[in-house]
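Peer 1: Please find one structure pasted underneath; my questions will follow.
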Amino acid sequence: MKISLNWLKQYIDLNDLSVDDVVNGLITAGLEVDEMVNQTELYKNFVVGFVKEKKKHPNADKLSLCIINDGVADYSVVCGAPNVDKNQKIVFAKIGAVIPEGGFEIKPVKLRGEKSEGMICSERELSISDNHDGIMVLDASLKEGTDISEALKMNDVIFDIDITPNRADALSHFGVARDLSAVLNRSLIEPELKFTEENKKSSDYADIIIENEVDCPRYAAKVVTGVEIKESPEWLKTRLKSLGLRPINNVVDVTNFVLHELGQPLHAFDLDQLAGNKIVVKSAVNKEKFVTLDSKERELSADDLLICDGEKGVAIAGVMGGENSEVTVNTKNILIESAYFRPSAVRKTAKKLGLSTDASYRFERGCNPDIVVFAARRCAMLIAELGGGNIASGEIDVYPKEIVKKNVTLRFSRISKILGYSIANEQVENILVKLGINVLNKDLETLFCEIPLFRPDIEREIDLIEEIARVYGYDNIPSVSKISITLDPKTDQSGFSEKIRYSLASLGFREIITNSLLNEETAKKFGNAINILNPQSYEMANTRPSLLPGMLSTFSKNIKVREHNLKYFEVGHIFEKKSEGEIKSFDDIFENEFLLMGITGKSDEDQWYTKTKNYDIYDLRGNVEDFLSKNLLDKDSRYEYNQQNNSFFDQYFELFVRDVHVGFGGKVKTNIAELFDIKQDVFAFNINLDVLKQVESKEKRFTELLKYPKIIRDFAIVLDKSVEYGQVVKSIFAINSKLLKNVKLFDIFESESLGEDKKSMAFQLEFYDENRTLTEEEVNKDFWNAIEIVKKDFNAQLRG
Amino acid sequence: MEDRIKSIQTDFDNEIAVVDDIKKLEEIRLKYLSRKGLVPLLFEDFRKLPSDEKPKYGKTLNILKNVVQQKFDDVKNNLEMNASGKKSTVDLTLPARRNEVGSLHILTQTLYEMKEIFKGLGFSVYEGPELESDFNNFEALNFPADHPARDMQDTFFINENFLLRTHTSPVQVRLMKSKKPPLRAIMPGKVYRNEAISAKSYCLFHQVEGLYVDTDVTFAELKGTLVAFAQQFFGENVKYRFRPSFFPFTEPSAEVDIWWEPKGKQGRWLEILGCGMVDPNVLRNVDIDPEKYTGYAFGMGVERTAMLRYGITDIRTFFDNDKRFLTQF
């Protein structure tokens with residue numbers, strides 16, 4: 001919301017304060033200043049100039065060569081505007097001026113061979129209006145050399161204030177002034193109401209009927225007749241323009257002025273266009289069509305409140321007026337609407353129509369039902385002042401059920417209980433009074449307060465405490481310098497995933513964080529994805545059912561910038577619907593924290609000492625095993641190597657920890673990788689961290705170190721190529737030796753001399769006993785048993 | 001005897017100091033350390049001493065022997081190394097053999113840093129689901145239906161009752177429903193906002209939310225705790241201010257700004273977190289008596305803080321996961 005400092009000064013004396021002081025006051029009050037434009041600084045080096053001479057530019061048809069006087073010296077300036085002429089007073093941007101529109105600085109230049117020491121400006125270049133047809137021609141009476149900010153009364157400071165949704169009371173200059181008056185402890189000046197009324201009453205001109213009292217608790221109207229519709233005077237146009245509003249005519253401008261002065265939205269109807277001289281406030285009919293002021297046809301429903309005359313709709317209540325009853329140059333008689341509409345009703349309508357106006361913005365936050373008559377009078381007074389005409393006496397004020405002010409009791413003791421700091425009782429009371437809160441009664445412990453209707457946000461004691469803290473100044477409440485800590489056992493639910501992340505980083509994986517929202521096509525391909533009802537775009541219409549698409553698109557993006565060798569992981573939530581039906585409870589959703597490890601390319605670029613190879617499935621399996629070993633789970637794990645068809649992976653394998661299925665992965669299928677435009681092999685493995693956390697052993701135990709020597713025996717055998725390593729190991733352990741503790745494959749090769757379909761595997765067997773030294777004989781016995789059983793089971797032959 | 005020991009030591013020291021080749025070193029070995037050398041001869045004479053004099057010299061003699069041997073070995077090693085160095089074929093300037101180094105995402109690092117600070121201040125850490133109920137995300141936190149406060153957080157809805165959480169505050173609700181005060185915890189995690197993606201905003205970000213509910217929790221303590229955090233996180237001399245704001249679930253509410261002045265740029269106030277005293281309605285919604293208990297809550301964005309600290313200007317950079325970005329942290 002834009003607030004003009006000059007305008008603000010109508011309601012509070014701020015003349016002794018610097019702009020920074022005012023900004024600090026606003027921030028203390030909780031009115032955050034987002035941006036600020038200081039016009040005096042903005043128009044520095046812009047002065048009134050006098051065009052002493054004008055001749056044609058010798059080298060350009062459309063340019064002219066002017067001599068500009070600024071009261072002190074003459075400057076030659078090249079100008080391209082068609083309307084520049086001798087003896088004009090113009091806006092002269094001197095060397096060093098920064099053009100507000102565009103932000104470029106004026107420097108001495110040569111244009112087509114002629115020097116130019118400044119610029120003659122258009123309204124658009126000054127950010128005054130959109131007009132760029134020609135230069136801005138000033139009043140001839142202005143003295144050359146006068147600063148433009150002074151000449152055009154553009155010496156204002158405009159604040160852009162971020163008003164939080166609870167502060168409906170501050171959505172006007174008077175409201176902001178009220179907050180400042182409390183923070184700065186200064187008096188507040190009410191806008192003037194001084195006018196004479198004719199004998200004829202407003203109610204003699206029109207009737208008002210409220211049919212929907214729920215959505216329209218109060219509707220007041222005042223009539224002004226014989227008004228001349230014309231351009232507003234400069235002071236009013238300046239006020240509106242300073243907020244970026246376009247002046248229209250004196251009547252419309254006054255309604256806008258009062259809205260920004262008091263926060264009460266008003267509407268001016270052409271009384272002669274109101275059939276039956278009558279206003280009826282009622283719910284619209286379903287599918288009723290209505291053309292608003294912006295010439296757009298809107299479709300309404302029974303939930304929308306419509307202001308009607310005797311025959312038809314004339315305005316959508318609290319949102320926008322209708323084209324059919326707007327004030328035009330021919331208008332003579334005016335009915336001013338000043339009403340209070342139920343906030344959530346306006347909000348619903350505005351939201352549905354996608355129409356947010358200055359009026360709806362205020363109504364939906366909650367206007368002040370008590371100000372409607374004052375605002376109507378202020379509006380009538382200003383219309384009569386600017387457009388002549390007679391103000392009908394009194395108002396038609398339909399207010400069937402008065403809205404009762406809330407009473408709130410404030411205990412002084414509660415203030416220090418919440419704030420941890422006591423504020424003197426007198427100061428507390430003063431703050432509340434300055435904010436317009438009525439202290440009905442008080443004793444040593446308590447204040448009994450009546451809350452004005454312009455503060456719908458204050459309902460409870462805690463709300464008053466906030467007001468006191470806010471106005472007193474948060475920075476004036478001292479911080480404690482020590483805190484006490486409870487000794488209850490502390491929990492860290494994120495500790496497990498933290499440990500997981502660190503273990504992956506130690507294995508050389510880099511963590512990525514990808515978008516959990518996917519486009520529908522991808523999401524549905526990877527699982528039973530959940531739809532978002534109101535997606536921002538097609539690309540983010542579903543929650544992810546898997547981390548794999550995020551990993552693949554990350555790989556794809558990296559490969560495009562020539563980063564081919566990638567070793568990444570992500571820890572994140574995935575979401576799936578358990579069934580096709582509507583999600584009615586958390587039981588219908590599957591949300592789990594998952595880990596995905598992904599590798600592609602090579603472990604490194606080729607180096608002088610080695611030629612690196614592409615990652616393959618054994619790298620991935622190694623990563624998985626290292627990960628488990630890092631987390632002390634390797635001893636409790638087993639794998640299943642399922643060659644059956646999986647939709648996403650070839651070389652598919654699954655991980656079980658303590659016999660619980662926790663993970664799966666393999667080589668990403670080529671057709672899946674191609675969806676992401678990836679042409680190199682990708683290996684990926686998923687682990688459900690929520691499940692892993694369940695089966696993780698919380699206990700760590702020390703195992704006594706072996707005190708006796710290990711005995712190592714090697715053998716190599718030749719067997720059929722089709723025999724798998726796993727089968728052989730299983731077979732070796734089948735000898736049931738108590739001494740055989742480990743089997744290691746240390747070589748595997750194929751060659752012509754071994755014969756086609758044959759391979760050689762070399763094993764190392766490790767024997768030991770925790771309690772004694774072994775004898776050669778007992779080891780040899782088990783060793784030869786192992787060889788024999790392998791020979792027998794696989795028709796293998798012992799080598800050399 | 002004593003004089004002989006001293007003079008041998010001095011002579012040896014002088015002679016070995018000027019040795020610069022293997023030949024001269026060999027001469028010294030022969031003179032002092034060989035079987036007929038001066039040191040073994042000393043030992044022979046020592047054995048001839050009367051037994052009551054032996055303890056007097058035994059120790060010094062042993063020291064002499066060790067020192068001489070040690071110095072001799074050092075010089076020998078040096079000479080040998082110099083000699084071989086000339087012939088060495090090890091090119092030490094060749095690129096080193098390195099392993100792939102892993103890393104945590106900078107957002108995770110930042111979040112963990114925040115977590116560590118709060119753990120040090122006695123906070124527990126709780127997590128919750130990202131797909132939440134409207135009740136936990138809004139209703140219980142004092143956001144009435146059809147209230148403009150709901151516009152503050154553009155929401156991705158799944159249906160009428162479920163949504164992607166817009167803040168980590170629903171974890172507060174879950175925690176307060178399941179445990180009784182005192183409760184002091186932070187709740188980190190992903191949150192979602194239905195906004196157009198740009199350099200300034202993304203459809204999701206990470207938040208760290210904090211909550212403390214007990215019998216005597218005050219606004220002054222909230223300020224103290226957050227100042228302690230800011231000093232640990234941004235540096236002891238951090239300049240900060242608390243200014244009034246509005247959140248439906250806290251009353252009074254505040255935002256904290258810190259003064260940010262990157263080198264060579266104009267300083268300005270930047271918002272880093274929102275906070276306030278837990279609204280009595282929120283406590284009542286989870287069956288905690290607001291007359292007896294008070295509490296504070298705060299929340300901060302991880303992305304925003306990391307962008308500030310590391311000079312990252314486009315929030316999308318975090319989620320592109322470009323290797324050239326990941327390797328910078």
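By order in the structure tokens, chains are A, B, ...; within a chain, residues start at 1; ligands start at 1, following the order shown.
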Running DSSP on the backbone, which parts of stretch 543-777 of chain A land in helix (DSSP H, G or I), as a ChimeraX atom specification?

Peer 2: /A:548-560,586-588,617-630,634-636,670-675,689-695,725-733,752-754,776-777

Peer 1: Can you check which residues of chain B have any atom within 7 Å of chain A? Use only C-alpha atoms and format it as a ChimeraX atom specification.

Peer 2: /B:100-105,122,124-127,146-149,156-159,194-196,218-221,223-224,241-246,251-252,319-323

Peer 1: How would the residues just chosen look if you wrote them out with C-alpha atoms as an mmCIF file, in the first residue's frame?

Peer 2:
data_model
loop_
_atom_site.group_PDB
_atom_site.id
_atom_site.type_symbol
_atom_site.label_atom_id
_atom_site.label_comp_id
_atom_site.auth_asym_id
_atom_site.auth_seq_id
_atom_site.Cartn_x
_atom_site.Cartn_y
_atom_site.Cartn_z
ATOM 1 C CA GLU B 100 36.428 -39.036 -5.587
ATOM 2 C CA VAL B 101 35.379 -36.820 -2.671
ATOM 3 C CA GLY B 102 31.754 -36.713 -1.553
ATOM 4 C CA SER B 103 29.834 -33.818 -0.069
ATOM 5 C CA LEU B 104 26.561 -32.785 1.519
ATOM 6 C CA HIS B 105 24.358 -30.330 -0.359
ATOM 7 C CA GLY B 122 18.787 -27.642 24.565
ATOM 8 C CA SER B 124 15.276 -31.677 20.470
ATOM 9 C CA VAL B 125 14.698 -32.338 16.776
ATOM 10 C CA TYR B 126 11.394 -33.644 15.377
ATOM 11 C CA GLU B 127 10.227 -34.369 11.849
ATOM 12 C CA ASP B 146 -11.854 -18.011 4.290
ATOM 13 C CA HIS B 147 -9.434 -15.654 6.007
ATOM 14 C CA PRO B 148 -6.976 -13.406 4.141
ATOM 15 C CA ALA B 149 -4.187 -14.892 6.303
ATOM 16 C CA PHE B 156 -0.745 -26.820 -3.226
ATOM 17 C CA PHE B 157 -3.897 -28.740 -2.397
ATOM 18 C CA ILE B 158 -4.328 -32.480 -2.865
ATOM 19 C CA ASN B 159 -8.021 -32.225 -2.069
ATOM 20 C CA ASN B 194 2.316 -22.611 -4.931
ATOM 21 C CA GLU B 195 4.241 -19.799 -6.559
ATOM 22 C CA ALA B 196 5.647 -19.323 -10.028
ATOM 23 C CA THR B 218 8.515 -15.124 27.696
ATOM 24 C CA PHE B 219 9.079 -12.838 24.747
ATOM 25 C CA ALA B 220 12.322 -11.638 26.394
ATOM 26 C CA GLU B 221 13.573 -15.229 26.405
ATOM 27 C CA LYS B 223 14.618 -12.577 21.944
ATOM 28 C CA GLY B 224 17.605 -13.813 23.946
ATOM 29 C CA ARG B 241 16.291 -5.721 14.985
ATOM 30 C CA PHE B 242 12.925 -7.171 15.989
ATOM 31 C CA ARG B 243 9.907 -5.675 14.321
ATOM 32 C CA PRO B 244 6.206 -6.426 14.740
ATOM 33 C CA SER B 245 4.609 -8.699 12.201
ATOM 34 C CA PHE B 246 1.684 -11.050 11.940
ATOM 35 C CA GLU B 251 0.703 -13.302 19.278
ATOM 36 C CA PRO B 252 2.667 -11.089 19.650
ATOM 37 C CA PHE B 319 17.882 -27.555 -7.244
ATOM 38 C CA ASP B 320 19.813 -27.790 -10.500
ATOM 39 C CA ASN B 321 22.504 -29.851 -8.732
ATOM 40 C CA ASP B 322 25.114 -28.954 -11.300
ATOM 41 C CA LYS B 323 28.361 -30.708 -10.368
#

Peer 1: Mind checking which residues fall within 9 Å of B:Gln172, counting only C-alpha atoms, ignoring those fewer than 2 positions away in the same chain, and posting them as a ChimeraX atom specification?

Peer 2: /B:126,136,168-170,174-177,185-187,209-211,297

Peer 1: Limited to N, CA, C and O atoms, could you put the picked residues into a file as a CSV table (one decimal), in the first residue's frame?

Peer 2:
chain,number,residue,atom,x,y,z
B,126,TYR,N,12.5,-32.8,15.8
B,126,TYR,CA,11.4,-33.6,15.4
B,126,TYR,C,11.1,-33.4,13.9
B,126,TYR,O,11.3,-32.3,13.4
B,136,ASN,N,-3.9,-29.8,10.4
B,136,ASN,CA,-2.6,-29.6,11.1
B,136,ASN,C,-1.9,-28.4,10.5
B,136,ASN,O,-1.2,-27.7,11.2
B,168,THR,N,6.7,-25.8,8.4
B,168,THR,CA,6.9,-27.0,9.2
B,168,THR,C,6.1,-26.9,10.5
B,168,THR,O,6.2,-27.8,11.3
B,169,SER,N,5.3,-25.8,10.7
B,169,SER,CA,4.5,-25.7,11.9
B,169,SER,C,3.6,-26.8,12.2
B,169,SER,O,3.3,-27.1,13.4
B,170,PRO,N,3.0,-27.6,11.2
B,170,PRO,CA,2.2,-28.7,11.6
B,170,PRO,C,2.9,-29.7,12.5
B,170,PRO,O,2.3,-30.4,13.3
B,174,ARG,N,1.6,-31.7,15.9
B,174,ARG,CA,1.8,-33.1,16.1
B,174,ARG,C,2.5,-33.3,17.4
B,174,ARG,O,2.2,-34.2,18.2
B,175,LEU,N,3.6,-32.5,17.7
B,175,LEU,CA,4.4,-32.7,18.9
B,175,LEU,C,3.6,-32.3,20.1
B,175,LEU,O,3.6,-33.1,21.1
B,176,MET,N,2.8,-31.2,20.1
B,176,MET,CA,2.1,-30.8,21.2
B,176,MET,C,0.9,-31.7,21.5
B,176,MET,O,0.5,-31.8,22.7
B,177,LYS,N,0.4,-32.4,20.5
B,177,LYS,CA,-0.7,-33.3,20.7
B,177,LYS,C,-0.1,-34.6,21.3
B,177,LYS,O,-0.8,-35.3,22.1
B,185,ALA,N,11.9,-27.9,21.0
B,185,ALA,CA,12.3,-28.6,19.8
B,185,ALA,C,12.4,-27.8,18.6
B,185,ALA,O,11.7,-26.7,18.5
B,186,ILE,N,13.2,-28.2,17.7
B,186,ILE,CA,13.2,-27.6,16.4
B,186,ILE,C,12.7,-28.6,15.4
B,186,ILE,O,12.7,-29.9,15.7
B,187,MET,N,12.1,-28.2,14.3
B,187,MET,CA,11.4,-29.1,13.3
B,187,MET,C,11.9,-28.7,11.9
B,187,MET,O,11.3,-27.8,11.3
B,209,GLU,N,11.9,-24.8,12.0
B,209,GLU,CA,11.0,-24.2,12.9
B,209,GLU,C,11.4,-24.5,14.3
B,209,GLU,O,11.9,-25.6,14.6
B,210,GLY,N,11.1,-23.6,15.3
B,210,GLY,CA,11.4,-23.9,16.7
B,210,GLY,C,10.2,-23.7,17.6
B,210,GLY,O,9.3,-22.9,17.2
B,211,LEU,N,10.2,-24.4,18.6
B,211,LEU,CA,9.0,-24.3,19.6
B,211,LEU,C,9.5,-24.5,21.0
B,211,LEU,O,10.3,-25.4,21.2
B,297,ALA,N,7.6,-19.6,19.4
B,297,ALA,CA,7.9,-20.3,18.2
B,297,ALA,C,8.6,-19.4,17.2
B,297,ALA,O,8.5,-18.2,17.3

Peer 1: Could you tell me how far atom CA of B:Ser253 lies from atom CA of B:Ile315, in Å and to one decimal?

Peer 2: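 That distance, rounded to one decimal, is 26.9 Å.
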
Peer 1: Using atom CA of A:Ile307 and atom CA of A:Asn333 as the two end points, give the distance in Å to one decimal.

Peer 2: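 Computing the Euclidean distance for atom CA of A:Ile307 and atom CA of A:Asn333 yields 18.4 Å.
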
Peer 1: Applying 6 Å and only C-alpha atoms, which residues near stretch 47-51 of chain A remain after dropping the ones on its own chain fewer than 2 positions away? List them as a PyMOL selection string.

Peer 2: chain A and resi 53+67-70+86-92+144-148

Peer 1: What does the structure give for the distance between atom CA of A:Glu395 and atom CA of A:Ala221, in Å to one decimal?

Peer 2: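 Distance between the two atoms: 5.6 Å.
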
Peer 1: Give me the residues within 6 Å of stretch 710-713 of chain A as a PDB file with all heavy atoms, in the first residue's frame, counting only C-alpha atoms and dropping any in the same chain fewer than 6 places off.

Peer 2:
ATOM      1  N   GLN A 764      40.442 -68.323  -1.947  1.00  0.00           N
ATOM      2  CA  GLN A 764      41.297 -68.321  -0.772  1.00  0.00           C
ATOM      3  C   GLN A 764      40.394 -68.642   0.413  1.00  0.00           C
ATOM      4  O   GLN A 764      39.380 -67.988   0.612  1.00  0.00           O
ATOM      5  CB  GLN A 764      41.885 -66.926  -0.615  1.00  0.00           C
ATOM      6  CG  GLN A 764      42.925 -66.847   0.460  1.00  0.00           C
ATOM      7  CD  GLN A 764      43.631 -65.505   0.402  1.00  0.00           C
ATOM      8  OE1 GLN A 764      43.091 -64.490   0.842  1.00  0.00           O
ATOM      9  NE2 GLN A 764      44.817 -65.486  -0.163  1.00  0.00           N
ATOM     10  N   LEU A 765      40.778 -69.664   1.174  1.00  0.00           N
ATOM     11  CA  LEU A 765      39.962 -70.049   2.327  1.00  0.00           C
ATOM     12  C   LEU A 765      40.689 -69.648   3.602  1.00  0.00           C
ATOM     13  O   LEU A 765      41.906 -69.800   3.715  1.00  0.00           O
ATOM     14  CB  LEU A 765      39.695 -71.546   2.351  1.00  0.00           C
ATOM     15  CG  LEU A 765      39.131 -72.172   1.071  1.00  0.00           C
ATOM     16  CD1 LEU A 765      38.699 -73.616   1.332  1.00  0.00           C
ATOM     17  CD2 LEU A 765      37.937 -71.375   0.543  1.00  0.00           C
ATOM     18  N   GLU A 766      39.932 -69.130   4.535  1.00  0.00           N
ATOM     19  CA  GLU A 766      40.532 -68.650   5.780  1.00  0.00           C
ATOM     20  C   GLU A 766      40.012 -69.515   6.931  1.00  0.00           C
ATOM     21  O   GLU A 766      38.799 -69.649   7.109  1.00  0.00           O
ATOM     22  CB  GLU A 766      40.121 -67.189   5.960  1.00  0.00           C
ATOM     23  CG  GLU A 766      40.825 -66.449   7.043  1.00  0.00           C
ATOM     24  CD  GLU A 766      40.340 -65.002   7.099  1.00  0.00           C
ATOM     25  OE1 GLU A 766      40.850 -64.167   6.339  1.00  0.00           O
ATOM     26  OE2 GLU A 766      39.438 -64.728   7.903  1.00  0.00           O
ATOM     27  N   PHE A 767      40.952 -70.111   7.676  1.00  0.00           N
ATOM     28  CA  PHE A 767      40.570 -70.982   8.796  1.00  0.00           C
ATOM     29  C   PHE A 767      41.116 -70.424  10.096  1.00  0.00           C
ATOM     30  O   PHE A 767      42.249 -69.950  10.153  1.00  0.00           O
ATOM     31  CB  PHE A 767      41.187 -72.394   8.626  1.00  0.00           C
ATOM     32  CG  PHE A 767      40.761 -73.094   7.372  1.00  0.00           C
ATOM     33  CD1 PHE A 767      41.473 -72.941   6.185  1.00  0.00           C
ATOM     34  CD2 PHE A 767      39.652 -73.950   7.379  1.00  0.00           C
ATOM     35  CE1 PHE A 767      41.095 -73.591   5.039  1.00  0.00           C
ATOM     36  CE2 PHE A 767      39.278 -74.619   6.219  1.00  0.00           C
ATOM     37  CZ  PHE A 767      39.998 -74.439   5.033  1.00  0.00           C
ATOM     38  N   TYR A 768      40.301 -70.474  11.128  1.00  0.00           N
ATOM     39  CA  TYR A 768      40.840 -70.165  12.459  1.00  0.00           C
ATOM     40  C   TYR A 768      39.857 -70.613  13.525  1.00  0.00           C
ATOM     41  O   TYR A 768      38.706 -70.956  13.236  1.00  0.00           O
ATOM     42  CB  TYR A 768      41.184 -68.673  12.607  1.00  0.00           C
ATOM     43  CG  TYR A 768      40.026 -67.703  12.461  1.00  0.00           C
ATOM     44  CD1 TYR A 768      39.190 -67.435  13.541  1.00  0.00           C
ATOM     45  CD2 TYR A 768      39.787 -67.049  11.240  1.00  0.00           C
ATOM     46  CE1 TYR A 768      38.149 -66.531  13.404  1.00  0.00           C
ATOM     47  CE2 TYR A 768      38.748 -66.165  11.105  1.00  0.00           C
ATOM     48  CZ  TYR A 768      37.925 -65.892  12.193  1.00  0.00           C
ATOM     49  OH  TYR A 768      36.894 -65.027  12.068  1.00  0.00           O
TER      50      TYR A 768
END

Peer 1: For stretch 741-758 of chain A, please output as JSON, numbers by chain all residues within 9 Å (counting only C-alpha atoms; exclusion window: fewer than 4 positions along the same chain).

Peer 2: {"A": [716, 718, 719, 720, 721, 722, 725, 729, 732, 733, 737, 762, 763, 764, 765, 766, 767, 768, 769]}

Peer 1: For A:Gln694, work out the shell of residues within 12 Å, counting only C-alpha atoms and skipping chain neighbours fewer than 2 positions away, then give it as a list of chain:residue names.

Peer 2: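 What passes the distance filter is A:Phe496, A:Val657, A:Arg658, A:Val660, A:His661, A:Val662, A:Asn688, A:Leu689, A:Asp690, A:Val691, A:Leu692, A:Glu696, A:Ser697, A:Lys698.
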